[in-house]
Amino acid sequence: MIQETKLINLQEFVAKSFWKSKGIGFSFSNSLGRSGGLLTLWKEESVEVISSFKGEGSLGIKFLKNNNFFYLVNIYSSCDSSKKRILWNRLLDLKGRFNDGEWIMGGDFNAIKVRRERKGRSTASNTGEMHDFATFIEDSLLVDIPCKGKKFTWYSGDGKSMSRIDRFLVSDKVVDDWGVVGQLVGDRDKEWEGFKVEGRGDFVLKEKLRLLKDRLKWWNKEVFGRIGLEVEKGARDINLGDDRLELEG
């Protein structure tokens, strides 16, 4: 799932160049001028994509895996608060109408749900927007996968401002059946802390991401499919309770 491609048109060979593997399928949503653009890729041998759908700020596919249907939505939200609310309402409407499968939403929501998810110079936050975003997550009945170790997903070039604007929202069943996510997050954090890179903040971040990518390739080959993780079903309720305390405080 790739956000902000900034491409108005995308040829097949360009799309498939993002993933050097055979049998790659893709769905694409063009940018609006120089802003936005979404690309979702998948291995055709692993999933059977039934259909695709898109709207401003979202690109979705419905696919079949292990005789079960899933809806995967790639998100790149506008910075405009009114457009964010339109996007959230549309996603809730889609999820309510297409309920024959499990849902996964991920990407750049361009919003935080509590103040602690933003730090640095850009600390000013719209309380109403935070409340609406937290309500959207609650109404979606999806689990907001928590970060482990690193609390933020976006950093400014100088490293002085940071936010958690990227996230994955998944159904309980996906968490239970694909519990490998938790192990990946834990292993990732151990690797991240072990990388010793010196220099400017933006250089350090870039180099650590490159090193982490290499380690994830190894992890996927050697570990994937051989581990299991039990994620407690109350994760969503705990997150929501914590968020309510933040908002009320």
# chains A, B, ... in the order shown; residues from 1 in each chain; ligands from 1
$ closest_atom_pairs --of "segment 11-91 of chain A" --to "segment 160-176 of chain A" --cutoff "10 Å" --atoms "only C-alpha atoms" --output "Markdown table"
| residue | atom | partner | partner_atom | distance |
| --- | --- | --- | --- | --- |
| A:Phe70 | CA | A:Val174 | CA | 9.2 |
| A:Tyr71 | CA | A:Val170 | CA | 10.0 |
| A:Leu72 | CA | A:Val170 | CA | 9.3 |
| A:Val73 | CA | A:Leu169 | CA | 9.8 |
| A:Asn74 | CA | A:Phe168 | CA | 9.7 |
| A:Ile75 | CA | A:Asp166 | CA | 9.0 |
| A:Tyr76 | CA | A:Asp166 | CA | 9.2 |
| A:Ser77 | CA | A:Ile165 | CA | 9.7 |
$ write_last_selection --atoms "all heavy atoms" --output "compact mmCIF listing (two decimals), in the first residue's frame"
# COMPACT_ATOMS: atom_id res chain seq x y z
N PHE A 70 -12.31 -10.30 2.25
CA PHE A 70 -11.69 -9.20 3.00
C PHE A 70 -11.82 -7.92 2.18
O PHE A 70 -11.79 -7.95 0.94
CB PHE A 70 -10.21 -9.47 3.26
CG PHE A 70 -9.95 -10.65 4.14
CD1 PHE A 70 -9.82 -11.92 3.60
CD2 PHE A 70 -9.82 -10.49 5.52
CE1 PHE A 70 -9.57 -13.01 4.41
CE2 PHE A 70 -9.58 -11.58 6.34
CZ PHE A 70 -9.45 -12.85 5.79
N TYR A 71 -11.96 -6.81 2.89
CA TYR A 71 -11.95 -5.49 2.27
C TYR A 71 -10.72 -4.75 2.79
O TYR A 71 -10.57 -4.55 4.01
CB TYR A 71 -13.21 -4.71 2.62
CG TYR A 71 -14.47 -5.26 1.98
CD1 TYR A 71 -15.21 -6.26 2.61
CD2 TYR A 71 -14.91 -4.79 0.75
CE1 TYR A 71 -16.36 -6.78 2.02
CE2 TYR A 71 -16.06 -5.29 0.16
CZ TYR A 71 -16.78 -6.29 0.80
OH TYR A 71 -17.91 -6.80 0.21
N LEU A 72 -9.84 -4.36 1.88
CA LEU A 72 -8.62 -3.64 2.24
C LEU A 72 -8.70 -2.24 1.65
O LEU A 72 -8.88 -2.07 0.45
CB LEU A 72 -7.40 -4.37 1.69
CG LEU A 72 -6.05 -3.67 1.84
CD1 LEU A 72 -5.65 -3.61 3.32
CD2 LEU A 72 -4.98 -4.39 1.03
N VAL A 73 -8.57 -1.21 2.51
CA VAL A 73 -8.69 0.17 2.04
C VAL A 73 -7.40 0.92 2.32
O VAL A 73 -6.94 1.00 3.46
CB VAL A 73 -9.87 0.89 2.73
CG1 VAL A 73 -10.05 2.28 2.11
CG2 VAL A 73 -11.16 0.09 2.58
N ASN A 74 -6.83 1.46 1.26
CA ASN A 74 -5.61 2.27 1.31
C ASN A 74 -6.04 3.72 1.50
O ASN A 74 -6.84 4.24 0.72
CB ASN A 74 -4.84 2.07 0.00
CG ASN A 74 -3.44 2.63 0.02
OD1 ASN A 74 -3.05 3.33 0.95
ND2 ASN A 74 -2.68 2.32 -1.01
N ILE A 75 -5.49 4.40 2.52
CA ILE A 75 -5.96 5.73 2.90
C ILE A 75 -4.88 6.79 2.70
O ILE A 75 -3.73 6.61 3.08
CB ILE A 75 -6.39 5.76 4.38
CG1 ILE A 75 -7.46 4.69 4.69
CG2 ILE A 75 -6.88 7.16 4.78
CD1 ILE A 75 -8.78 4.95 4.06
N TYR A 76 -5.26 7.90 2.10
CA TYR A 76 -4.43 9.12 2.12
C TYR A 76 -5.39 10.29 2.26
O TYR A 76 -5.97 10.77 1.29
CB TYR A 76 -3.57 9.27 0.88
CG TYR A 76 -2.69 10.50 0.95
CD1 TYR A 76 -1.61 10.54 1.82
CD2 TYR A 76 -2.97 11.63 0.18
CE1 TYR A 76 -0.81 11.67 1.92
CE2 TYR A 76 -2.17 12.77 0.27
CZ TYR A 76 -1.10 12.78 1.14
OH TYR A 76 -0.31 13.91 1.25
N SER A 77 -5.54 10.77 3.49
CA SER A 77 -6.55 11.78 3.80
C SER A 77 -6.07 13.19 3.49
O SER A 77 -4.88 13.51 3.61
CB SER A 77 -6.95 11.68 5.27
OG SER A 77 -7.87 12.69 5.61
$ residues_around --residues "Ser35 of chain A" --least-positions-apart "4" --cutoff "7 Å" --atoms "only C-alpha atoms" --output "PyMOL selection string"
chain A and resi 4+6+31
$ write_last_selection --atoms "all heavy atoms" --output "CSV table (one decimal), in the first residue's frame"
chain,number,residue,atom,x,y,z
A,4,GLU,N,0.5,8.8,-1.6
A,4,GLU,CA,1.1,10.0,-2.2
A,4,GLU,C,2.0,9.7,-3.3
A,4,GLU,O,3.2,10.1,-3.3
A,4,GLU,CB,1.8,10.9,-1.1
A,4,GLU,CG,1.9,12.3,-1.5
A,4,GLU,CD,2.4,13.2,-0.4
A,4,GLU,OE1,2.8,12.7,0.7
A,4,GLU,OE2,2.4,14.4,-0.6
A,6,LYS,N,1.7,10.9,-6.3
A,6,LYS,CA,1.8,12.1,-7.0
A,6,LYS,C,1.8,11.9,-8.5
A,6,LYS,O,2.4,12.6,-9.3
A,6,LYS,CB,3.1,13.0,-6.6
A,6,LYS,CG,3.0,13.4,-5.2
A,6,LYS,CD,4.2,14.3,-4.8
A,6,LYS,CE,4.2,14.7,-3.4
A,6,LYS,NZ,5.3,15.5,-3.0
A,31,SER,N,-3.5,11.0,-8.7
A,31,SER,CA,-3.3,12.2,-7.8
A,31,SER,C,-4.2,13.3,-8.4
A,31,SER,O,-4.7,13.3,-9.5
A,31,SER,CB,-1.9,12.6,-7.8
A,31,SER,OG,-1.5,13.1,-9.1
$ closest_atom_pairs --of "segment 56-114 of chain A" --to "segment 134-148 of chain A" --cutoff "7 Å" --atoms "only C-alpha atoms" --output "Markdown table"
| residue | atom | partner | partner_atom | distance |
| --- | --- | --- | --- | --- |
| A:Trp88 | CA | A:Phe136 | CA | 6.4 |
| A:Leu92 | CA | A:Ser140 | CA | 6.1 |
| A:Lys113 | CA | A:Ala134 | CA | 5.0 |
$ atom_distance --atom1 "atom CA of Ile61 of chain A" --atom2 "atom CA of Leu87 of chain A"
16.4 Å
$ select_by_dssp --residues "segment 69-177 of chain A" --states "strand (DSSP E)" --output "PyMOL selection string"
chain A and resi 69-76+102-108+118-119+143-144+154-155+162-163+166-170
$ residues_around --residues "Leu59 of chain A" --least-positions-apart "5" --cutoff "8 Å" --atoms "only C-alpha atoms" --output "count of residues only"
12
